[in-house]
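Below is one structure, written out as structure tokens; comments come after it.
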Amino acid sequence: MTVLQAIIITIYFLFAQSTLPFGSMGTWATIDRPLVAGLFVGCVLGDPVKGTMIGASINIITLGVISAGGALPMDSGYCGIFGTALALAGGLSTNEAITLAIPLGLLGSIMNTFTMTIQCFFVKIADKWIAEGKSKLVLVADFFLPYSIKTIYRAAMSFVILYYGPAAIEKVVAMLDGPIVNALNVMGGMIAAVGLGMLLTSIFKGKAKYFFFLGFLAATFLGLATIPTALIFGIVAIMLVGFGEEDFEAFKGAADENASQHQFKLVKKSTIVKSWVRWQIFCETLYNYERMQGIGFCTGMVPALEEIYKDDKEGLIESMKRHSMFFNTDHDFGGMILGMCIAMEEQKKLGEDIPEEAFVSLKSSLMGPCAGVGDTLSQVVLIPILAIIFTNLAAQGATWAPIAYTIIFLAIFYGVGYWMLWVGYKNGGETIFKIMESGLLDKVILAANMLGCAVTGQLLCNYISFNWTVSIVQDGFTVFDLQSGVFDAILPNAMKLLLTLGVYWAIKKGKNAMHVTLGVMAIGLVLGLLGLAG
Amino acid sequence: MKNIVLTRIDERLIHGQVITSWLKLASPNTIVIMDDMSASNAFAKRILFAAAPKDIDMKVLSVADAIEYLKGEHENERVFVMAKVPGPVLTAIKQGVEFKEVNLGNMGGGPGRNRFNKNVNASPQEVAEFQEIVEAGVPVYAQMVPTDAKIDLKSLL
């Protein structure tokens, strides 16, 4: 890899790990994903098609990674960007690339914990400036200061990995001989089971379970590909769940209920949009263990608060203080809460009696439940379903698939988010609460789980590779072959199914995801070294 | 005494990790929220009900009512008990509710609270309450999501 290539990929990595250009969730769900990163890295290294295919394969192992405030077992950016780059530059096979992506993802996970820990320091700085009423500086503490430090260590690490990594990998590969190369490939072939098993822990539930086995059987015996599986079982799911007109009642008529009497009296529409954009971009730039998105929420509120309290410094300080407390929720629902808070601040300034506790209780009551619904919709429904469909296309070499994935995700995520902002500001979230109460979302989630399970059952046949190479040969004739004679005769892909369910059960039984990953790799290593599988 | 399948202390009560992971793993059919504020605040109550999956029997109760419910006769409930802070759990233990173990999620930072472990910030009084829970023979472990490693609170106290 040339210096220039390493620098360009490092710049991409810095963006992918930040919240620019597409906002916090927007960036994390798109350019940070191996699916999208593979295409970019492939373009830089001169082989977009191969880059896209490797990125897509690595993407499978990150399918089950859900960010809901906990430590992620694997960082998708590290796996995808470095994994694809090192695989292309070091001339690795797809399975070897997946094997390599695991330690890289782990490194990323450790780095994230480190970042969240040191960022607590900047919270103190933010608090100080908030107390002094320096509203312009909140963004500096929330974004510029932590990023100046993060950028230095991230850039240095990325450049070292990219520039020196390929040569090191080539050297190591040259030293490896038959059994070890075989073992690396067996391991890489099995690891997709970890991603799919982890994904199952959030969707394998109730009636959706049947769909998992149906998808598996459809792929095994009918040879059904991913898209037809998704379409057929998607329609069956919608039919079974049964949506009626009454499910959509909540959308009608509620729009003007509870409308604030003081809309846009103190704060311009464009300022509210500005606040929302700042929330979407900066909500997690200072993500830390003490306040989570607390300072990020304040950063979003600042433009609106500055306008509402433009002649009242005391009021500005008090309002910034109450909006920088511990906060953590889904990003689109967070936008709705932001809209609600702006409307309440406006009414308070106009003389309505709204005590401090009203804000505290509103935000603390809403953040959890909204994250529960929002994380499920975005990370269990939207991202996996889009990712599964487009990853499958990308794995076959469709370089347009990552771009289409990015555009569709951003359009849905921000389309819904912008609508939610105004539901929050104009009618206090009423329409959304009615939808939550109506049971419509449960139906949508159930249908999505069914579809997701069917496709997971189908995918495991294609993306896990595992073959027994145990056979007995007499006089040049194979008299017994475990794979073709036993497994293929009874139920082809049976081992892949067992492996996926094994990962699911282990995690369900409370085993740590990293331990499960390492366990699967250890099994692959042993079977590969002994030549029992290949 | 009801069958308690999971007990979690988390300031956010129902939230992303609970819906996307814990509910799937523990498969409860009843959720009991032990929180005086939520039980008396109509808005908080409404939102908790709105966020809970509709096939789960949701109960938002004051600490006293929750204890009474948990001590009631077992039918076929699989109860997931949630509280914001250790206090309600300790009260329940003192009044004879049996917990196998307590899962600890998130407690945010703020005035009077010190960082205790990654996601857990606690005041000295809350730390003492955790201590009492552990001393009563109920293990407390910090674990945000099921895929995280369990950290025994004993090692942190």
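Ordering of the structure tokens sets the chain letters (A, B, ...); residue numbers start at 1 within each chain; ligands are numbered from 1 in the order shown.
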
Taking only C-alpha atoms into account, find every residue of chain B that has an atom no more than 8 Å from chain A, and write it out as JSON, numbers by chain. {"B": [12, 13, 14, 15, 16, 17, 18, 19, 20, 21, 24, 25, 38, 43, 44, 47, 48, 49, 50, 51, 52, 53, 54, 108, 109, 110, 115, 118, 119, 120, 121, 144, 145, 146, 147, 148, 149]}

Keeping only C-alpha atoms, write those residues as a short mmCIF file (atom, residue, chain, number, x, y, z; two decimals), in the first residue's frame.
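Written out: selection09.cif:
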data_model
loop_
_atom_site.label_atom_id
_atom_site.label_comp_id
_atom_site.auth_asym_id
_atom_site.auth_seq_id
_atom_site.Cartn_x
_atom_site.Cartn_y
_atom_site.Cartn_z
CA ARG B 12 -33.79 4.14 32.52
CA LEU B 13 -36.27 1.37 33.47
CA ILE B 14 -37.62 0.09 30.14
CA HIS B 15 -35.16 1.04 27.41
CA GLY B 16 -33.26 -0.24 24.41
CA GLN B 17 -31.21 -2.95 26.09
CA VAL B 18 -34.23 -4.27 27.93
CA ILE B 19 -36.42 -4.49 24.83
CA THR B 20 -33.81 -5.71 22.36
CA SER B 21 -32.05 -8.23 24.60
CA LYS B 24 -35.93 -11.97 24.64
CA LEU B 25 -33.62 -13.91 26.91
CA SER B 38 -43.51 6.45 37.97
CA PHE B 43 -47.34 10.76 32.05
CA ALA B 44 -44.45 8.49 33.08
CA ILE B 47 -45.08 6.16 28.37
CA LEU B 48 -43.97 2.98 30.15
CA PHE B 49 -47.17 1.26 29.09
CA ALA B 50 -46.78 2.58 25.55
CA ALA B 51 -43.24 1.21 25.23
CA ALA B 52 -43.89 -2.24 26.66
CA PRO B 53 -44.65 -5.01 24.17
CA LYS B 54 -48.42 -5.52 24.17
CA GLY B 108 -26.09 8.02 35.48
CA GLY B 109 -23.67 10.55 36.93
CA GLY B 110 -24.82 13.69 38.67
CA ARG B 115 -18.31 6.79 39.34
CA LYS B 118 -18.19 1.99 33.83
CA ASN B 119 -21.93 2.63 33.59
CA VAL B 120 -22.72 2.83 37.26
CA ASN B 121 -22.56 6.03 39.27
CA MET B 144 -25.48 -3.98 30.51
CA VAL B 145 -26.44 -6.50 27.87
CA PRO B 146 -26.39 -10.31 27.93
CA THR B 147 -23.37 -10.40 25.62
CA ASP B 148 -21.25 -8.44 28.14
CA ALA B 149 -19.22 -10.20 30.78
#

Please return, as an MDAnalysis selection string, all residues of chain B that DSSP assigns to strand (DSSP E) on the basis of the backbone. chainID B and resid 4:9 30:34 57:61 79:83 102:104 114:117 120:122 140:142 151:152

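Atom CA of A:Gly64 sits 7.9 Å away from atom CA of A:Pro384.
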
A straight line from atom CA of A:Cys453 to atom CA of B:Val32 spans 29.6 Å

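Between B:Lys100 and the residues B:Asp36, B:Lys150, B:Leu157, B:Ala136, the shortest atom-to-atom distance, using only C-alpha atoms, involves B:Ala136.
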
Residue set, chain B restricted to helix (DSSP H, G or I), as a PyMOL selection string: chain B and resi 16-26+36-40+42-51+63-71+86-94+124-135+153-155

Write out as a short mmCIF file (atom, residue, chain, number, x, y, z; two decimals) with N, CA and C atoms, in the first residue's frame which residues come within 12 Å of B:Val127 when counting only C-alpha atoms, dropping same-chain ones fewer than 3 positions away.
data_model
loop_
_atom_site.label_atom_id
_atom_site.label_comp_id
_atom_site.auth_asym_id
_atom_site.auth_seq_id
_atom_site.Cartn_x
_atom_site.Cartn_y
_atom_site.Cartn_z
N VAL B 85 -33.09 2.33 41.22
CA VAL B 85 -31.97 2.42 42.17
C VAL B 85 -32.04 1.22 43.11
N PRO B 86 -30.99 0.97 43.91
CA PRO B 86 -31.01 -0.22 44.76
C PRO B 86 -32.05 -0.19 45.88
N GLY B 87 -32.42 1.01 46.34
CA GLY B 87 -33.32 1.14 47.49
C GLY B 87 -34.53 0.22 47.47
N LEU B 90 -33.71 -3.44 48.01
CA LEU B 90 -33.32 -3.71 49.39
C LEU B 90 -34.56 -3.77 50.29
N MET B 107 -26.62 3.51 35.93
CA MET B 107 -27.03 4.60 36.82
C MET B 107 -26.17 5.80 36.45
N GLY B 112 -23.52 14.54 43.71
CA GLY B 112 -23.56 13.61 44.84
C GLY B 112 -23.22 12.18 44.48
N ARG B 113 -23.08 11.91 43.19
CA ARG B 113 -22.78 10.54 42.80
C ARG B 113 -21.35 10.42 42.29
N ASN B 114 -20.71 9.31 42.62
CA ASN B 114 -19.37 9.07 42.12
C ASN B 114 -19.39 7.88 41.19
N ARG B 115 -18.44 7.89 40.29
CA ARG B 115 -18.31 6.79 39.34
C ARG B 115 -17.90 5.55 40.11
N PHE B 116 -18.61 4.47 39.81
CA PHE B 116 -18.47 3.26 40.61
C PHE B 116 -17.87 2.18 39.73
N ASN B 117 -18.45 2.07 38.54
CA ASN B 117 -17.98 1.13 37.54
C ASN B 117 -18.47 1.73 36.25
N VAL B 120 -22.01 2.69 35.99
CA VAL B 120 -22.72 2.83 37.26
C VAL B 120 -22.12 3.97 38.07
N ASN B 121 -22.95 4.95 38.38
CA ASN B 121 -22.56 6.03 39.27
C ASN B 121 -23.48 5.94 40.48
N ALA B 122 -22.92 6.07 41.68
CA ALA B 122 -23.76 5.89 42.86
C ALA B 122 -23.35 6.83 43.97
N SER B 123 -24.34 7.23 44.78
CA SER B 123 -24.04 8.05 45.95
C SER B 123 -23.57 7.11 47.06
N PRO B 124 -22.92 7.67 48.10
CA PRO B 124 -22.47 6.80 49.20
C PRO B 124 -23.62 5.98 49.78
N PHE B 130 -26.29 -1.23 48.12
CA PHE B 130 -25.78 -2.38 47.36
C PHE B 130 -25.09 -3.36 48.30
N GLN B 131 -24.28 -2.78 49.20
CA GLN B 131 -23.55 -3.59 50.17
C GLN B 131 -24.52 -4.47 50.96
N GLU B 132 -25.61 -3.84 51.40
CA GLU B 132 -26.60 -4.58 52.20
C GLU B 132 -27.26 -5.69 51.41
N ILE B 133 -27.54 -5.40 50.13
CA ILE B 133 -28.16 -6.43 49.28
C ILE B 133 -27.23 -7.63 49.18
N VAL B 134 -25.95 -7.34 48.92
CA VAL B 134 -24.97 -8.42 48.78
C VAL B 134 -24.86 -9.19 50.10
N VAL B 140 -25.17 -9.38 43.27
CA VAL B 140 -25.48 -8.32 42.32
C VAL B 140 -24.37 -8.31 41.28
N LEU B 153 -20.46 -7.49 41.77
CA LEU B 153 -20.33 -6.23 42.50
C LEU B 153 -19.45 -6.37 43.74
N LYS B 154 -19.42 -7.60 44.27
CA LYS B 154 -18.59 -7.85 45.46
C LYS B 154 -17.16 -7.39 45.24
N LEU B 156 -16.22 -4.98 43.57
CA LEU B 156 -16.10 -3.53 43.43
C LEU B 156 -16.39 -2.78 44.72
N LEU B 157 -17.13 -3.44 45.62
CA LEU B 157 -17.56 -2.75 46.84
C LEU B 157 -16.39 -2.48 47.79
#

Could you list, as a list in words, every residue within 7 Å of B:Leu104, counting only C-alpha atoms and ignoring same-chain residues fewer than 2 positions away? Arg8, Ile9, Asp10, Val102, Asn106, Val140, Tyr141, Ala142 and Gln143 of chain B

Take the residues that were just selected and, keeping N, CA and C atoms, output them as an mmCIF file, in the first residue's frame.
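In the end it all went to selection_0.cif:
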data_model
loop_
_atom_site.group_PDB
_atom_site.id
_atom_site.type_symbol
_atom_site.label_atom_id
_atom_site.label_comp_id
_atom_site.auth_asym_id
_atom_site.auth_seq_id
_atom_site.Cartn_x
_atom_site.Cartn_y
_atom_site.Cartn_z
ATOM 1 N N ARG B 8 -33.725 -6.281 37.574
ATOM 2 C CA ARG B 8 -32.726 -5.355 37.042
ATOM 3 C C ARG B 8 -32.850 -3.985 37.687
ATOM 4 N N ILE B 9 -31.692 -3.447 38.061
ATOM 5 C CA ILE B 9 -31.646 -2.065 38.532
ATOM 6 C C ILE B 9 -31.073 -1.236 37.398
ATOM 7 N N ASP B 10 -31.858 -0.311 36.887
ATOM 8 C CA ASP B 10 -31.396 0.538 35.796
ATOM 9 C C ASP B 10 -32.209 1.820 35.833
ATOM 10 N N VAL B 102 -29.384 -10.078 41.266
ATOM 11 C CA VAL B 102 -29.831 -8.792 40.755
ATOM 12 C C VAL B 102 -28.881 -8.343 39.663
ATOM 13 N N ASN B 106 -27.576 0.553 34.259
ATOM 14 C CA ASN B 106 -27.007 1.877 34.190
ATOM 15 C C ASN B 106 -27.519 2.775 35.311
ATOM 16 N N VAL B 140 -25.171 -9.383 43.271
ATOM 17 C CA VAL B 140 -25.480 -8.315 42.319
ATOM 18 C C VAL B 140 -24.369 -8.312 41.282
ATOM 19 N N TYR B 141 -24.750 -8.346 40.018
ATOM 20 C CA TYR B 141 -23.715 -8.272 39.003
ATOM 21 C C TYR B 141 -24.038 -7.182 37.992
ATOM 22 N N ALA B 142 -22.998 -6.456 37.593
ATOM 23 C CA ALA B 142 -23.163 -5.408 36.581
ATOM 24 C C ALA B 142 -23.022 -6.042 35.217
ATOM 25 N N GLN B 143 -24.017 -5.859 34.395
ATOM 26 C CA GLN B 143 -23.991 -6.403 33.039
ATOM 27 C C GLN B 143 -25.023 -5.633 32.222
#

Pick out the residues sitting within 10 Å of B:Met34, and hand them over as number ranges by chain; count only C-alpha atoms, and ignore anything fewer than 4 positions along from it in its own chain. B: 9, 13, 38-39, 59-67, 81-85, 87-89, 92

Contacts of stretch 25-35 of chain A at 9 Å (only C-alpha atoms; same-chain gap of 4+ positions) as a PyMOL selection string: chain A and resi 12-13+15-21+39-40+52-60+62+76-81+83-84+280-281+331+379+383+387+390-391+394-395+401-402+405-407+409-410+413-414

Exercise: A:Ala237 partners within 7 Å, only C-alpha atoms, chain neighbours under 3 positions left out, as JSON, numbers by chain: {"A": [233, 234, 240, 241, 447, 450, 451]}

Write to file, as a PDB file, in the first residue's frame, the residues of the selection just made, with C-alpha atoms.
ATOM      1  CA  PHE A 233     -41.670 -14.844   3.472  1.00  0.00           C
ATOM      2  CA  GLY A 234     -42.156 -11.090   3.798  1.00  0.00           C
ATOM      3  CA  LEU A 240     -50.095 -13.727   9.111  1.00  0.00           C
ATOM      4  CA  VAL A 241     -49.674 -10.624  11.249  1.00  0.00           C
ATOM      5  CA  ALA A 447     -43.528  -9.106  10.827  1.00  0.00           C
ATOM      6  CA  MET A 450     -40.434 -13.185  10.811  1.00  0.00           C
ATOM      7  CA  LEU A 451     -38.842 -11.821   7.666  1.00  0.00           C
TER       8      LEU A 451
END

Given only C-alpha atoms as the counted atoms, nearest of A:Leu199, A:Val186, A:Ile317, A:Cys298 to A:Thr94: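 Closest residue, counting only C-alpha atoms: A:Val186.
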
For a quick check of understanding, using only C-alpha atoms, which of A:Glu345, A:Met336, A:Leu214, A:Gly42 has the smallest distance to A:Trp419?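 The closest residue to A:Trp419 is A:Met336.
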